[in-house]
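File shown here: query03.tsv, holding TSV, C-alpha atoms and all ligand atoms.
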chain	number	residue	atom	x	y	z
A	13	MET	CA	-14.08	2.73	-53.00
A	14	LEU	CA	-13.32	1.33	-49.58
A	15	LYS	CA	-12.47	-2.30	-49.14
A	16	SER	CA	-15.27	-3.67	-46.98
A	17	HIS	CA	-15.09	-6.44	-44.43
A	18	VAL	CA	-11.47	-6.07	-43.57
A	19	VAL	CA	-11.09	-7.81	-40.23
A	20	ARG	CA	-7.97	-6.58	-38.48
A	21	LYS	CA	-5.91	-8.40	-35.91
A	22	ILE	CA	-6.59	-7.23	-32.36
A	23	ILE	CA	-3.48	-6.36	-30.39
A	24	GLN	CA	-3.34	-8.19	-27.07
A	25	ILE	CA	-2.21	-7.04	-23.63
A	26	GLY	CA	1.56	-7.25	-23.25
A	27	ASN	CA	2.14	-5.30	-26.47
A	28	PRO	CA	3.49	-1.90	-25.32
A	29	ILE	CA	1.55	-0.01	-28.02
A	30	LEU	CA	-1.54	-0.41	-25.81
A	31	ASN	CA	0.14	1.78	-23.17
A	32	GLN	CA	0.90	4.60	-25.60
A	33	LYS	CA	-1.00	7.82	-26.12
A	34	SER	CA	-2.70	8.17	-29.50
A	35	ALA	CA	-2.32	11.34	-31.59
A	36	SER	CA	-5.15	13.59	-32.76
A	37	ILE	CA	-6.13	13.21	-36.40
A	38	PRO	CA	-5.44	16.49	-38.22
A	39	GLN	CA	-8.60	18.21	-39.45
A	40	ALA	CA	-7.56	17.86	-43.10
A	41	GLU	CA	-7.10	14.09	-42.73
A	42	ILE	CA	-10.34	13.24	-40.92
A	43	VAL	CA	-12.09	12.12	-44.11
A	44	SER	CA	-8.97	11.01	-46.00
A	45	ARG	CA	-9.27	7.74	-47.86
A	46	GLU	CA	-6.81	6.09	-45.50
A	47	ASN	CA	-8.71	7.15	-42.39
A	48	MET	CA	-12.13	6.29	-43.87
A	49	GLN	CA	-10.75	2.79	-44.39
A	50	LEU	CA	-9.55	2.74	-40.76
A	51	TYR	CA	-13.05	3.64	-39.49
A	52	GLN	CA	-14.64	0.97	-41.68
A	53	ASP	CA	-12.06	-1.59	-40.51
A	54	LEU	CA	-12.92	-0.80	-36.86
A	55	ILE	CA	-16.59	-1.52	-37.55
A	56	ASP	CA	-15.90	-4.66	-39.61
A	57	THR	CA	-13.54	-5.99	-36.93
A	58	CYS	CA	-16.20	-5.48	-34.23
A	59	GLU	CA	-18.87	-7.16	-36.35
A	60	ALA	CA	-16.62	-10.18	-36.90
A	61	GLU	CA	-16.21	-10.67	-33.15
A	62	LYS	CA	-18.21	-13.76	-32.22
A	63	GLU	CA	-18.24	-13.03	-28.49
A	64	GLY	CA	-19.68	-9.57	-29.18
A	65	THR	CA	-18.20	-6.19	-28.36
A	66	ALA	CA	-19.45	-2.70	-27.68
A	67	GLY	CA	-16.42	-0.75	-28.86
A	68	LEU	CA	-12.94	-0.73	-30.35
A	69	SER	CA	-10.21	1.90	-30.52
A	70	ALA	CA	-7.77	2.45	-33.38
A	71	VAL	CA	-4.78	1.64	-31.15
A	72	GLN	CA	-6.17	-1.87	-30.68
A	73	ILE	CA	-5.60	-2.52	-34.37
A	74	GLY	CA	-2.19	-0.89	-34.24
A	75	GLU	CA	-2.91	2.72	-35.23
A	76	LEU	CA	-2.09	5.38	-32.66
A	77	LYS	CA	-4.86	7.72	-33.81
A	78	ARG	CA	-7.54	9.27	-31.62
A	79	ALA	CA	-10.57	7.45	-32.99
A	80	TYR	CA	-12.86	4.71	-31.80
A	81	VAL	CA	-16.11	3.05	-32.66
A	82	VAL	CA	-18.88	2.41	-30.13
A	83	ARG	CA	-22.03	0.41	-30.44
A	84	ARG	CA	-25.09	2.58	-29.81
A	85	LEU	CA	-26.73	0.21	-27.37
A	86	ASP	CA	-28.97	3.09	-26.34
A	87	LEU	CA	-30.50	2.93	-29.85
A	88	ASP	CA	-30.45	-0.79	-30.67
A	89	ARG	CA	-30.73	-4.04	-28.78
A	90	GLU	CA	-27.90	-6.37	-27.90
A	91	ASP	CA	-29.40	-9.21	-29.98
A	92	ASP	CA	-30.15	-6.93	-32.93
A	93	ALA	CA	-28.93	-8.34	-36.24
A	94	ASN	CA	-28.07	-4.86	-37.50
A	95	PRO	CA	-26.07	-3.12	-34.80
A	96	ILE	CA	-25.67	0.65	-34.96
A	97	TRP	CA	-22.02	1.72	-34.78
A	98	GLU	CA	-20.83	5.27	-34.30
A	99	VAL	CA	-17.30	6.38	-35.16
A	100	MET	CA	-15.95	9.06	-32.84
A	101	ILE	CA	-12.93	10.99	-34.09
A	102	ASN	CA	-10.77	13.18	-31.80
A	103	PRO	CA	-13.28	12.65	-28.98
A	104	THR	CA	-13.23	14.36	-25.60
A	105	VAL	CA	-15.23	13.19	-22.61
A	106	LYS	CA	-16.67	15.51	-19.98
A	107	ILE	CA	-17.95	14.06	-16.72
A	108	LEU	CA	-21.36	15.34	-15.63
A	109	GLY	CA	-22.56	15.06	-12.04
A	110	ASN	CA	-21.01	13.12	-9.17
A	111	SER	CA	-22.64	9.71	-9.39
A	112	LYS	CA	-20.71	6.57	-10.24
A	113	SER	CA	-21.88	3.16	-11.33
A	114	ILE	CA	-20.22	-0.24	-11.31
A	115	ILE	CA	-20.46	-2.18	-14.57
A	116	TRP	CA	-18.66	-5.35	-15.62
A	117	GLU	CA	-16.29	-4.54	-18.47
A	118	GLY	CA	-14.27	-6.66	-20.82
A	119	CYS	CA	-11.89	-5.69	-23.62
A	120	MET	CA	-10.98	-7.22	-26.97
A	121	SER	CA	-7.32	-6.66	-26.05
A	122	VAL	CA	-7.58	-8.49	-22.71
A	123	GLY	CA	-7.93	-12.13	-23.66
A	124	THR	CA	-9.84	-13.79	-26.46
A	125	GLY	CA	-12.90	-16.05	-26.66
A	126	LYS	CA	-13.56	-18.03	-23.51
A	127	ASN	CA	-10.48	-16.53	-21.88
A	128	ARG	CA	-11.40	-12.87	-22.28
A	129	LEU	CA	-11.31	-11.27	-18.83
A	130	PHE	CA	-14.14	-9.29	-17.28
A	131	GLY	CA	-14.20	-7.27	-14.10
A	132	PRO	CA	-16.32	-4.74	-12.22
A	133	VAL	CA	-15.34	-1.14	-12.95
A	134	ALA	CA	-16.59	1.96	-11.13
A	135	ARG	CA	-16.83	5.00	-13.39
A	136	PRO	CA	-18.79	8.25	-13.53
A	137	ASP	CA	-22.32	7.38	-14.63
A	138	HIS	CA	-23.11	10.45	-16.75
A	139	VAL	CA	-20.85	11.93	-19.42
A	140	ALA	CA	-20.92	14.09	-22.53
A	141	VAL	CA	-18.69	13.06	-25.43
A	142	SER	CA	-17.79	15.57	-28.13
A	143	PHE	CA	-16.27	14.30	-31.35
A	144	THR	CA	-16.06	14.67	-35.12
A	145	ASN	CA	-18.15	12.16	-37.07
A	146	ILE	CA	-17.23	10.51	-40.38
A	147	GLN	CA	-19.00	13.28	-42.25
A	148	GLY	CA	-16.54	15.69	-40.63
A	149	GLU	CA	-19.24	17.24	-38.44
A	150	GLN	CA	-18.83	18.17	-34.78
A	151	GLN	CA	-21.22	16.28	-32.47
A	152	THR	CA	-21.94	15.98	-28.76
A	153	HIS	CA	-23.87	13.16	-27.13
A	154	GLU	CA	-24.78	12.65	-23.49
A	155	PHE	CA	-24.71	9.12	-22.14
A	156	VAL	CA	-25.62	7.45	-18.86
A	157	GLY	CA	-24.93	4.00	-17.43
A	158	TYR	CA	-23.55	1.35	-19.77
A	159	MET	CA	-23.00	3.75	-22.70
A	160	ALA	CA	-21.16	6.17	-20.38
A	161	HIS	CA	-18.85	3.29	-19.42
A	162	ILE	CA	-18.26	2.32	-23.05
A	163	VAL	CA	-17.09	5.78	-24.12
A	164	GLN	CA	-14.89	6.19	-21.04
A	165	HIS	CA	-13.37	2.73	-21.64
A	166	GLU	CA	-12.57	3.64	-25.27
A	167	GLN	CA	-11.40	7.13	-24.34
A	168	ASP	CA	-8.94	5.52	-21.89
A	169	HIS	CA	-7.47	3.45	-24.75
A	170	LEU	CA	-6.52	6.70	-26.51
A	171	ASP	CA	-4.47	7.59	-23.43
A	172	GLY	CA	-2.87	4.16	-23.09
A	173	ILE	CA	-5.07	2.96	-20.21
A	174	LEU	CA	-6.75	-0.45	-19.91
A	175	PHE	CA	-9.78	-1.13	-17.68
A	176	LEU	CA	-7.64	-3.49	-15.57
A	177	LYS	CA	-6.23	-0.38	-13.91
A	178	TYR	CA	-9.55	-0.01	-12.06
A	179	VAL	CA	-9.87	-3.63	-10.95
A	180	THR	CA	-7.56	-3.48	-7.95
A	181	ASN	CA	-8.33	-6.98	-6.65
A	182	PRO	CA	-7.34	-9.60	-9.26
A	183	ALA	CA	-9.85	-12.01	-7.65
A	184	ASN	CA	-12.53	-9.84	-9.31
A	185	LEU	CA	-11.30	-10.70	-12.81
A	186	TRP	CA	-13.33	-13.50	-14.34
A	187	PRO	CA	-12.73	-15.30	-17.63
A	188	ASN	CA	-15.65	-15.16	-20.05
A	189	SER	CA	-16.55	-18.86	-19.70
A	190	LYS	CA	-16.67	-18.79	-15.89
A	191	LEU	CA	-18.64	-15.54	-15.83
A	192	ASP	CA	-21.16	-16.89	-18.35
A	193	LYS	CA	-21.76	-19.96	-16.17
A	194	TYR	CA	-22.20	-17.76	-13.11
A	195	LEU	CA	-24.67	-15.51	-14.95
A	196	ASP	CA	-26.67	-18.52	-16.16
A	197	LYS	CA	-26.95	-19.83	-12.64
A	198	HIS	CA	-27.51	-16.62	-10.68
A	199	ASN	CA	-28.97	-14.27	-13.27
A	200	ASP	CA	-26.76	-11.54	-11.87
A	201	PHE	CA	-23.08	-10.58	-11.72
A	202	PRO	CA	-20.88	-11.76	-8.84
A	203	THR	CA	-20.51	-9.42	-5.89
A	204	PRO	CA	-17.08	-7.74	-6.13
A	205	LEU	CA	-14.66	-8.80	-3.39
B	301	ZN	ZN	-10.95	-2.12	-24.56
Would you kindly transcribe this structure into structure tokens?
Ligand SMILES: [Zn+2]
Amino acid sequence: MLKSHVVRKIIQIGNPILNQKSASIPQAEIVSRENMQLYQDLIDTCEAEKEGTAGLSAVQIGELKRAYVVRRLDLDREDDANPIWEVMINPTVKILGNSKSIIWEGCMSVGTGKNRLFGPVARPDHVAVSFTNIQGEQQTHEFVGYMAHIVQHEQDHLDGILFLKYVTNPANLWPNSKLDKYLDKHNDFPTPL
């Protein structure tokens, strides 16, 4: 039996583990008890996050393993009481097409609560992600827009990269509280400088 509702501590920026590359999970260990607990902990830790989140990588809870969880916002709604989470193990991301989109991203490892930082990130808008699921099956999903950003953001974590790398002007980084106020007032994100 897995221990449910284990909320793990999120590692914050400044800890060098976030800049390290995670290792592939060997085939024989993908559904090991220890790793099944890791996948469940990733989901439970996301669900416990009051400010909401769309994804979390194993490195962010201190395990340098190539696995992350993403919220399937293409299948459920942001205010849904029962979010759909998908665990992606040993994922690879393939970029499809040439179009890019700019979406405001934040990260559970880049500030907490009102001080979490958000910024506009340009990424390819259409990707295919191939991964092993928690049943040990190989899967491929295609994503566009916001979901494409989420998987690329999480995939970057596995290679030690934070989204801040793409926000070249620090004036474009907004704390959660300030961005929320702006969104309330303008109903749209600020124009990047
Ligand atoms: Zn992140």
Applying 6 Å and only C-alpha atoms, which residues near region 104-119 of chain A remain after dropping the ones on its own chain fewer than 5 positions away? List them as a compact mmCIF listing (two decimals) with C-alpha atoms, keeping the file's coordinate frame.
# COMPACT_ATOMS: atom_id res chain seq x y z
CA LEU A 129 -11.31 -11.27 -18.83
CA PHE A 130 -14.14 -9.29 -17.28
CA GLY A 131 -14.20 -7.27 -14.10
CA PRO A 132 -16.32 -4.74 -12.22
CA VAL A 133 -15.34 -1.14 -12.95
CA ALA A 134 -16.59 1.96 -11.13
CA ARG A 135 -16.83 5.00 -13.39
CA PRO A 136 -18.79 8.25 -13.53
CA ASP A 137 -22.32 7.38 -14.63
CA HIS A 138 -23.11 10.45 -16.75
CA VAL A 139 -20.85 11.93 -19.42
CA ALA A 140 -20.92 14.09 -22.53
CA VAL A 141 -18.69 13.06 -25.43
CA SER A 142 -17.79 15.57 -28.13
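Residues of protein, DNA or RNA having any atom at most 7 Å from ligand ZN 301 (chain B), counting all atoms listed in the file, are A:Leu68, A:Gly118, A:Cys119, A:Met120, A:Ser121, A:His165, A:Glu166, A:His169, A:Leu174.
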Just write the chosen residues, C-alpha atoms, as a compact mmCIF listing (two decimals), in the coordinates of the input.
# COMPACT_ATOMS: atom_id res chain seq x y z
CA LEU A 68 -12.94 -0.73 -30.35
CA GLY A 118 -14.27 -6.66 -20.82
CA CYS A 119 -11.89 -5.69 -23.62
CA MET A 120 -10.98 -7.22 -26.97
CA SER A 121 -7.32 -6.66 -26.05
CA HIS A 165 -13.37 2.73 -21.64
CA GLU A 166 -12.57 3.64 -25.27
CA HIS A 169 -7.47 3.45 -24.75
CA LEU A 174 -6.75 -0.45 -19.91
Exercise on region 165-182 of chain A, axis-aligned box with 6 Å per side, report centre and edge lengths in Å to one decimal, as lines of an AutoDock Vina configuration file:
center_x = -8.1
center_y = -1.0
center_z = -16.6
size_x = 22.5
size_y = 29.2
size_z = 31.9
| query | Which is closer to Gln24 (chain A) than all the others in A:Gln72, A:Asn47, A:Ser36, A:Thr180, using only C-alpha atoms? | reply | A:Gln72
| said: Could you tell me how far CA of Thr203 (chain A) sits from CA of Ser189 (chain A), in Å to one decimal place? | reply: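 Those two atoms sit 17.2 Å apart.
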| task | Compare A:Met48, A:Ile101, A:Leu191, A:Val122 by their minimum atom-to-atom distance to Thr152 (chain A), counting all atoms listed in the file, and give me the closest one. | result |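 When distances to Thr152 (chain A) are compared using all atoms listed in the file, the smallest one comes from A:Ile101.
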| task | Grab the CA of Glu41 (chain A) to CA of Met100 (chain A) distance for me, in Å with one decimal place. | result | 14.2 Å
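Going from CA of Ile173 (chain A) to CA of Ala35 (chain A) covers 14.4 Å.
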| request: Within 10 Å of Lys77 (chain A), counting all atoms listed in the file, which residues show up once you throw out same-chain ones fewer than 5 positions away? Write them as a list of chain:residue names, please. | output: A:Lys33, A:Ser34, A:Ala35, A:Ser36, A:Ile37, A:Pro38, A:Asn47, A:Leu50, A:Ser69, A:Ala70, A:Val71, A:Ile101, A:Asn102, A:Leu170
Requested write-out: C-alpha atoms of the selected residues, as an mmCIF file, in the coordinates of the input:
data_model
loop_
_atom_site.group_PDB
_atom_site.id
_atom_site.type_symbol
_atom_site.label_atom_id
_atom_site.label_comp_id
_atom_site.auth_asym_id
_atom_site.auth_seq_id
_atom_site.Cartn_x
_atom_site.Cartn_y
_atom_site.Cartn_z
ATOM 1 C CA LYS A 33 -1.000 7.820 -26.120
ATOM 2 C CA SER A 34 -2.700 8.170 -29.500
ATOM 3 C CA ALA A 35 -2.320 11.340 -31.590
ATOM 4 C CA SER A 36 -5.150 13.590 -32.760
ATOM 5 C CA ILE A 37 -6.130 13.210 -36.400
ATOM 6 C CA PRO A 38 -5.440 16.490 -38.220
ATOM 7 C CA ASN A 47 -8.710 7.150 -42.390
ATOM 8 C CA LEU A 50 -9.550 2.740 -40.760
ATOM 9 C CA SER A 69 -10.210 1.900 -30.520
ATOM 10 C CA ALA A 70 -7.770 2.450 -33.380
ATOM 11 C CA VAL A 71 -4.780 1.640 -31.150
ATOM 12 C CA ILE A 101 -12.930 10.990 -34.090
ATOM 13 C CA ASN A 102 -10.770 13.180 -31.800
ATOM 14 C CA LEU A 170 -6.520 6.700 -26.510
#
| query | With distances taken over all atoms listed in the file, which of A:Leu76, A:Ile42, A:Val163, A:Leu205 is nearest to Glu149 (chain A)? | reply |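 Result for the nearest residue to Glu149 (chain A): A:Ile42.
In this comparison, which uses all atoms listed in the file, the residue of A:Pro182, A:Gly67, A:Pro187, A:Gly74 approaching Pro204 (chain A) most closely is A:Pro182.
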| Got a sec: who's within 7 Å of Arg84 (chain A), counting only C-alpha atoms, leaving out chain neighbours fewer than 3 positions off, as number ranges by chain? | A: 87-88, 96-98
Output C-alpha atoms of each residue in that selection to a file, as a PDB file, in the frame of the given file.
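Okay, this is what ended up in selection_27.pdb:
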ATOM      1  CA  LEU A  87     -30.500   2.930 -29.850  1.00  0.00           C
ATOM      2  CA  ASP A  88     -30.450  -0.790 -30.670  1.00  0.00           C
ATOM      3  CA  ILE A  96     -25.670   0.650 -34.960  1.00  0.00           C
ATOM      4  CA  TRP A  97     -22.020   1.720 -34.780  1.00  0.00           C
ATOM      5  CA  GLU A  98     -20.830   5.270 -34.300  1.00  0.00           C
TER       6      GLU A  98
END
| field | A:Leu185, A:Lys15, A:Arg78, A:Glu59 ranked by distance to Arg45 (chain A), top pick (using only C-alpha atoms) | value |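 Of the candidates, the smallest distance to Arg45 (chain A) is held by A:Lys15.
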| Counting all atoms listed in the file, which of A:Ser44, A:Gln150, A:Thr57, A:Gln39 gets nearest to Arg20 (chain A)? |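 Looking at the shortest contact to Arg20 (chain A), the residue is A:Thr57.
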Neighbours of point (-23.9, -16.5, -32.8) within 12 Å, using all atoms listed in the file, written as a JSON list (two decimals) with C-alpha atoms, keeping the file's coordinate frame:
[["chain", "number", "residue", "atom", "x", "y", "z"],
["A", 59, "GLU", "CA", -18.87, -7.16, -36.35],
["A", 60, "ALA", "CA", -16.62, -10.18, -36.90],
["A", 61, "GLU", "CA", -16.21, -10.67, -33.15],
["A", 62, "LYS", "CA", -18.21, -13.76, -32.22],
["A", 63, "GLU", "CA", -18.24, -13.03, -28.49],
["A", 64, "GLY", "CA", -19.68, -9.57, -29.18],
["A", 90, "GLU", "CA", -27.90, -6.37, -27.90],
["A", 91, "ASP", "CA", -29.40, -9.21, -29.98],
["A", 92, "ASP", "CA", -30.15, -6.93, -32.93],
["A", 93, "ALA", "CA", -28.93, -8.34, -36.24]]
Your completed region 107-125 of chain A with N, CA, C and O atoms, as a compact mmCIF listing (two decimals), in the coordinates of the input:
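New file out-v9.txt:
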# COMPACT_ATOMS: atom_id res chain seq x y z
N ILE A 107 -17.14 14.74 -17.74
CA ILE A 107 -17.95 14.06 -16.72
C ILE A 107 -19.01 15.01 -16.20
O ILE A 107 -18.73 16.18 -15.89
N LEU A 108 -20.25 14.52 -16.12
CA LEU A 108 -21.36 15.34 -15.63
C LEU A 108 -21.85 14.74 -14.31
O LEU A 108 -22.05 13.53 -14.22
N GLY A 109 -22.04 15.54 -13.32
CA GLY A 109 -22.56 15.06 -12.04
C GLY A 109 -21.52 14.28 -11.25
O GLY A 109 -20.38 14.11 -11.68
N ASN A 110 -21.95 13.80 -10.08
CA ASN A 110 -21.01 13.12 -9.17
C ASN A 110 -21.27 11.63 -9.02
O ASN A 110 -20.54 10.96 -8.31
N SER A 111 -22.32 11.10 -9.68
CA SER A 111 -22.64 9.71 -9.39
C SER A 111 -21.77 8.76 -10.21
O SER A 111 -21.35 9.06 -11.33
N LYS A 112 -21.48 7.62 -9.58
CA LYS A 112 -20.71 6.57 -10.24
C LYS A 112 -21.55 5.31 -10.32
O LYS A 112 -22.47 5.12 -9.53
N SER A 113 -21.22 4.46 -11.27
CA SER A 113 -21.88 3.16 -11.33
C SER A 113 -20.80 2.10 -11.54
O SER A 113 -19.73 2.39 -12.06
N ILE A 114 -21.13 0.88 -11.11
CA ILE A 114 -20.22 -0.24 -11.31
C ILE A 114 -20.80 -1.13 -12.41
O ILE A 114 -21.94 -1.59 -12.30
N ILE A 115 -20.03 -1.33 -13.46
CA ILE A 115 -20.46 -2.18 -14.57
C ILE A 115 -19.32 -3.13 -14.92
O ILE A 115 -18.15 -2.73 -14.86
N TRP A 116 -19.68 -4.37 -15.22
CA TRP A 116 -18.66 -5.35 -15.62
C TRP A 116 -18.19 -5.05 -17.04
O TRP A 116 -19.00 -4.99 -17.96
N GLU A 117 -16.87 -4.85 -17.17
CA GLU A 117 -16.29 -4.54 -18.47
C GLU A 117 -15.35 -5.65 -18.91
O GLU A 117 -14.74 -6.32 -18.09
N GLY A 118 -15.26 -5.79 -20.22
CA GLY A 118 -14.27 -6.66 -20.82
C GLY A 118 -13.62 -5.87 -21.94
O GLY A 118 -14.01 -4.73 -22.20
N CYS A 119 -12.62 -6.44 -22.60
CA CYS A 119 -11.89 -5.69 -23.62
C CYS A 119 -11.35 -6.68 -24.65
O CYS A 119 -10.83 -7.73 -24.28
N MET A 120 -11.48 -6.32 -25.92
CA MET A 120 -10.98 -7.22 -26.97
C MET A 120 -9.47 -7.42 -26.89
O MET A 120 -8.96 -8.37 -27.46
N SER A 121 -8.78 -6.53 -26.18
CA SER A 121 -7.32 -6.66 -26.05
C SER A 121 -6.91 -7.39 -24.77
O SER A 121 -5.71 -7.54 -24.51
N VAL A 122 -7.89 -7.80 -23.97
CA VAL A 122 -7.58 -8.49 -22.71
C VAL A 122 -8.16 -9.89 -22.75
O VAL A 122 -9.20 -10.20 -22.16
N GLY A 123 -7.49 -10.74 -23.51
CA GLY A 123 -7.93 -12.13 -23.66
C GLY A 123 -8.88 -12.29 -24.83
O GLY A 123 -9.49 -11.33 -25.29
N THR A 124 -8.96 -13.52 -25.32
CA THR A 124 -9.84 -13.79 -26.46
C THR A 124 -10.79 -14.94 -26.12
O THR A 124 -10.49 -15.78 -25.26
N GLY A 125 -11.93 -14.96 -26.81
CA GLY A 125 -12.90 -16.05 -26.66
C GLY A 125 -13.25 -16.33 -25.22
O GLY A 125 -13.55 -15.41 -24.45
